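As stored in protein-v7.pdb (PDB, C-alpha atoms):
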ATOM      1  CA  MET A 153      90.268  35.138  12.678
ATOM      2  CA  ALA A 154      91.478  32.802  15.463
ATOM      3  CA  LYS A 155      89.562  29.584  15.977
ATOM      4  CA  LEU A 156      88.271  28.918  19.455
ATOM      5  CA  SER A 157      90.034  25.903  20.916
ATOM      6  CA  LEU A 158      87.782  23.896  23.210
ATOM      7  CA  PRO A 159      88.595  20.833  25.272
ATOM      8  CA  LYS A 160      87.478  17.699  23.477
ATOM      9  CA  ILE A 161      84.937  16.582  26.043
ATOM     10  CA  CYS A 162      82.605  15.959  23.136
ATOM     11  CA  ALA A 163      84.682  13.271  21.453
ATOM     12  CA  GLY A 164      82.949  11.727  18.482
ATOM     13  CA  ASP A 165      80.707  14.757  17.987
ATOM     14  CA  PRO A 166      81.265  16.128  14.443
ATOM     15  CA  HIS A 167      79.994  19.565  15.532
ATOM     16  CA  CYS A 168      82.234  19.828  18.597
ATOM     17  CA  GLY A 169      83.954  23.228  18.611
ATOM     18  CA  SER A 170      81.426  24.948  16.361
ATOM     19  CA  PHE A 171      78.859  26.298  18.798
ATOM     20  CA  PHE A 172      77.104  29.304  17.373
ATOM     21  CA  PRO A 173      74.752  28.790  15.767
ATOM     22  CA  PRO A 174      74.157  25.204  14.775
ATOM     23  CA  SER A 175      73.328  24.848  11.119
ATOM     24  CA  PRO A 176      69.712  25.561  10.165
ATOM     25  CA  GLY A 177      67.496  22.663  11.153
ATOM     26  CA  GLN A 178      70.052  21.289  13.624
ATOM     27  CA  ARG A 179      69.992  21.400  17.385
ATOM     28  CA  PHE A 180      72.752  21.820  19.878
ATOM     29  CA  THR A 181      74.219  18.454  20.814
ATOM     30  CA  VAL A 182      74.099  17.195  24.390
ATOM     31  CA  SER A 183      77.772  18.084  24.908
ATOM     32  CA  GLN A 184      77.196  21.579  23.487
ATOM     33  CA  GLN A 185      74.157  22.010  25.731
ATOM     34  CA  THR A 186      76.235  20.951  28.733
ATOM     35  CA  LEU A 187      78.979  23.440  27.924
ATOM     36  CA  LEU A 188      76.439  26.223  27.362
ATOM     37  CA  ALA A 189      74.736  25.429  30.689
ATOM     38  CA  LEU A 190      78.091  25.501  32.498
ATOM     39  CA  ALA A 191      79.045  28.790  30.842
ATOM     40  CA  PHE A 192      75.688  30.323  31.748
ATOM     41  CA  ALA A 193      75.997  29.145  35.379
ATOM     42  CA  ALA A 194      79.510  30.594  35.603
ATOM     43  CA  ILE A 195      78.373  33.967  34.242
ATOM     44  CA  VAL A 196      75.437  34.131  36.675
ATOM     45  CA  ALA A 197      77.725  33.252  39.600
ATOM     46  CA  LEU A 198      80.257  35.923  38.615
ATOM     47  CA  LEU A 199      77.548  38.568  38.286
ATOM     48  CA  ALA A 200      76.085  37.664  41.692
ATOM     49  CA  LEU A 201      79.370  38.183  43.582
ATOM     50  CA  PRO A 202      79.575  41.980  43.244
ATOM     51  CA  LEU A 203      75.858  42.343  43.976
ATOM     52  CA  ARG A 204      76.203  40.352  47.195
ATOM     53  CA  ALA A 205      79.214  42.431  48.244
ATOM     54  CA  VAL A 206      77.336  45.679  47.578
ATOM     55  CA  LEU A 207      74.263  44.547  49.510
ATOM     56  CA  ALA A 208      76.295  43.345  52.502
ATOM     57  CA  GLN A 209      78.460  46.460  52.537
ATOM     58  CA  ASN A 210      76.086  48.703  54.498
ATOM     59  CA  THR A 211      74.268  46.088  56.535
ATOM     60  CA  PRO A 212      74.433  46.934  60.240
ATOM     61  CA  SER A 213      75.565  44.216  62.621
ATOM     62  CA  PHE A 214      75.865  44.165  66.399
ATOM     63  CA  THR A 215      78.764  42.249  67.935
ATOM     64  CA  THR A 216      78.720  43.141  71.653
ATOM     65  CA  VAL A 217      76.683  44.869  74.318
ATOM     66  CA  ASP A 218      78.311  46.297  77.434
ATOM     67  CA  PRO A 219      77.310  45.727  80.138
ATOM     68  CA  ILE A 220      75.314  42.564  79.446
ATOM     69  CA  SER A 221      72.756  43.371  82.153
ATOM     70  CA  GLY A 222      71.341  46.451  83.825
ATOM     71  CA  LYS A 223      68.256  48.357  84.926
ATOM     72  CA  VAL A 224      65.708  50.576  83.197
ATOM     73  CA  ASN A 225      67.283  53.945  82.211
ATOM     74  CA  ASP A 226      70.867  52.592  82.458
ATOM     75  CA  GLN A 227      73.079  53.428  79.513
ATOM     76  CA  ILE A 228      74.466  50.503  77.532
ATOM     77  CA  THR A 229      76.880  50.452  74.622
ATOM     78  CA  VAL A 230      76.313  48.304  71.550
ATOM     79  CA  THR A 231      79.324  47.839  69.262
ATOM     80  CA  GLY A 232      79.445  46.549  65.721
ATOM     81  CA  GLU A 233      79.701  47.707  62.114
ATOM     82  CA  ASN A 234      77.689  50.146  59.994
ATOM     83  CA  LEU A 235      75.839  51.596  62.988
ATOM     84  CA  GLY A 236      75.817  55.223  61.827
ATOM     85  CA  LYS A 237      72.672  57.317  61.372
ATOM     86  CA  ALA A 238      72.530  56.507  57.657
ATOM     87  CA  SER A 239      72.137  52.795  58.475
ATOM     88  CA  VAL A 240      70.378  52.670  61.852
ATOM     89  CA  SER A 241      67.424  54.954  62.576
ATOM     90  CA  ALA A 242      66.389  53.440  65.925
ATOM     91  CA  VAL A 243      67.347  50.710  68.419
ATOM     92  CA  PHE A 244      65.130  48.414  70.475
ATOM     93  CA  LEU A 245      65.073  45.722  73.096
ATOM     94  CA  SER A 246      62.981  42.917  71.612
ATOM     95  CA  ASP A 247      61.274  39.907  73.161
ATOM     96  CA  ASP A 248      59.148  37.266  71.454
ATOM     97  CA  LYS A 249      56.192  39.615  71.062
ATOM     98  CA  ASN A 250      57.265  43.260  71.226
ATOM     99  CA  ASP A 251      59.993  45.723  70.305
ATOM    100  CA  TYR A 252      60.638  48.407  72.928
ATOM    101  CA  LYS A 253      62.223  51.541  71.491
ATOM    102  CA  ALA A 254      65.305  52.841  73.311
ATOM    103  CA  THR A 255      66.616  56.406  73.366
ATOM    104  CA  ILE A 256      69.880  56.810  71.460
ATOM    105  CA  VAL A 257      72.339  58.897  73.488
ATOM    106  CA  GLU A 258      75.333  58.651  71.131
ATOM    107  CA  GLN A 259      75.808  57.076  67.714
ATOM    108  CA  SER A 260      78.782  56.434  65.436
ATOM    109  CA  ASP A 261      79.620  53.908  62.717
ATOM    110  CA  THR A 262      81.004  51.428  65.279
ATOM    111  CA  LYS A 263      78.937  52.023  68.434
ATOM    112  CA  ILE A 264      75.585  53.114  69.779
ATOM    113  CA  VAL A 265      75.021  54.243  73.355
ATOM    114  CA  MET A 266      71.377  53.804  74.336
ATOM    115  CA  LYS A 267      69.160  54.058  77.421
ATOM    116  CA  VAL A 268      67.388  50.897  78.542
ATOM    117  CA  PRO A 269      63.673  51.480  77.835
ATOM    118  CA  GLN A 270      60.847  50.918  80.327
ATOM    119  CA  VAL A 271      60.476  47.114  80.194
ATOM    120  CA  LYS A 272      59.855  44.225  82.587
ATOM    121  CA  PRO A 273      62.875  42.302  83.920
ATOM    122  CA  GLY A 274      64.010  39.591  81.508
ATOM    123  CA  SER A 275      66.285  38.763  78.602
ATOM    124  CA  TYR A 276      65.968  40.758  75.362
ATOM    125  CA  ASN A 277      67.582  40.825  71.934
ATOM    126  CA  VAL A 278      69.037  44.165  70.914
ATOM    127  CA  SER A 279      67.603  45.103  67.503
ATOM    128  CA  TYR A 280      67.730  48.020  65.084
ATOM    129  CA  GLN A 281      65.482  49.760  62.599
ATOM    130  CA  LYS A 282      66.543  50.431  59.023
ATOM    131  CA  GLY A 283      63.878  51.948  56.821
ATOM    132  CA  ASN A 284      60.518  50.502  57.858
ATOM    133  CA  SER A 285      61.935  47.185  59.120
ATOM    134  CA  ILE A 286      63.263  46.052  62.488
ATOM    135  CA  TYR A 287      66.155  43.572  62.436
ATOM    136  CA  ILE A 288      66.684  41.427  65.528
ATOM    137  CA  GLN A 289      70.351  40.775  66.267
ATOM    138  CA  PRO A 290      71.870  37.797  68.124
ATOM    139  CA  VAL A 291      73.105  40.116  70.911
ATOM    140  CA  ARG A 292      71.213  39.833  74.204
ATOM    141  CA  PHE A 293      70.776  42.147  77.181
ATOM    142  CA  THR A 294      69.208  41.239  80.523
ATOM    143  CA  VAL A 295      67.063  43.772  82.343
ATOM    144  CA  GLU A 296      67.267  43.273  86.122
TER     145      GLU A 296
END
For this file, produce the structure as structure tokens.
Amino acid sequence: MAKLSLPKICAGDPHCGSFFPPSPGQRFTVSQQTLLALAFAAIVALLALPLRAVLAQNTPSFTTVDPISGKVNDQITVTGENLGKASVSAVFLSDDKNDYKATIVEQSDTKIVMKVPQVKPGSYNVSYQKGNSIYIQPVRFTVE
């Protein structure tokens, strides 16, 4: 059986290099505890990377709206990523208090064409619904 070779950051420690388990009645030394904490942190960080990538994979995001202003019932095009029907169930113009549902005219994974809903003139965020939640995006549209 090959012996595990560890860096000697625990110089002067007679138990350095023999981690598991310490002899009965003994505790891990400070240097062993430090190495175990670092190993645990590294494992947690490595496990979190794929989870974050999976969660971000299907998250819709809006990048542009064209045109940037218009009137009620005008059609506008929102572009972005993951905008298909599986990810976005509805779109809205949102102000500080309310979300006004728009009619979707056309929808693909990279764009949504929508009709401007009946709202007062002003500046609105374009937002989307996924599941039971509405997500406000940093893309703005001005109703004239």
Could you put an axis-aligned box around every listed atom of segment 226-243 of chain A, padded by 4 Å on each side, and send me its centre and edge lengths in Å to one decimal, as AutoDock Vina command-line options?
--center_x 73.0 --center_y 51.9 --center_z 70.1 --size_x 21.3 --size_y 18.8 --size_z 32.8
(66.9, 40.4, 79.9) in this file's frame - what residues fall within 7 Å of it? Use all atoms listed in the file and give the answer as an mmCIF file with C-alpha atoms, in the coordinates of the input.
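Output contents, as saved in result-v9.cif:
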data_model
loop_
_atom_site.group_PDB
_atom_site.id
_atom_site.type_symbol
_atom_site.label_atom_id
_atom_site.label_comp_id
_atom_site.auth_asym_id
_atom_site.auth_seq_id
_atom_site.Cartn_x
_atom_site.Cartn_y
_atom_site.Cartn_z
ATOM 1 C CA SER A 221 72.756 43.371 82.153
ATOM 2 C CA PRO A 273 62.875 42.302 83.920
ATOM 3 C CA GLY A 274 64.010 39.591 81.508
ATOM 4 C CA SER A 275 66.285 38.763 78.602
ATOM 5 C CA TYR A 276 65.968 40.758 75.362
ATOM 6 C CA PHE A 293 70.776 42.147 77.181
ATOM 7 C CA THR A 294 69.208 41.239 80.523
ATOM 8 C CA VAL A 295 67.063 43.772 82.343
ATOM 9 C CA GLU A 296 67.267 43.273 86.122
#
* To do: To one decimal in Å, tell me the separation between atom CA of Gln227 of chain A and atom CA of Ser239 of chain A.
  =>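 That distance, rounded to one decimal, is 21.1 Å.
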* Structure fact -> Here atom CA of Thr215 of chain A and atom CA of Gly232 of chain A stand apart by 4.9 Å
* Asked: Which value, in Å to one decimal, gives the distance between atom CA of Lys263 of chain A and atom CA of Asn234 of chain A?
  -> 8.7 Å
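Shell of Thr255 of chain A at 9 Å, with only C-alpha atoms counted and residues fewer than 3 places along the chain excluded, is Ala242, Val243, Phe244, Val265, Met266, Lys267, Val268 and Pro269 of chain A.
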Residues as selected, C-alpha atoms, written as a PDB file, keeping the file's coordinate frame, can you do that?
ATOM      1  CA  ALA A 242      66.389  53.440  65.925  1.00  0.00           C
ATOM      2  CA  VAL A 243      67.347  50.710  68.419  1.00  0.00           C
ATOM      3  CA  PHE A 244      65.130  48.414  70.475  1.00  0.00           C
ATOM      4  CA  VAL A 265      75.021  54.243  73.355  1.00  0.00           C
ATOM      5  CA  MET A 266      71.377  53.804  74.336  1.00  0.00           C
ATOM      6  CA  LYS A 267      69.160  54.058  77.421  1.00  0.00           C
ATOM      7  CA  VAL A 268      67.388  50.897  78.542  1.00  0.00           C
ATOM      8  CA  PRO A 269      63.673  51.480  77.835  1.00  0.00           C
TER       9      PRO A 269
END
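Residue nearest Ile256 of chain A within the list A:Gln270, A:Thr186, A:Ser213, A:Thr229: A:Thr229 [criterion: smallest interatomic distance, all atoms listed in the file].
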* List the neighbours of Ser279 of chain A out to 12 Å using only C-alpha atoms; skip same-chain residues closer than 5 positions along the sequence, and give me the result as an MDAnalysis selection string. => chainID A and resid 212:215 217 230 235 240:247 250:254 264 266 285:293
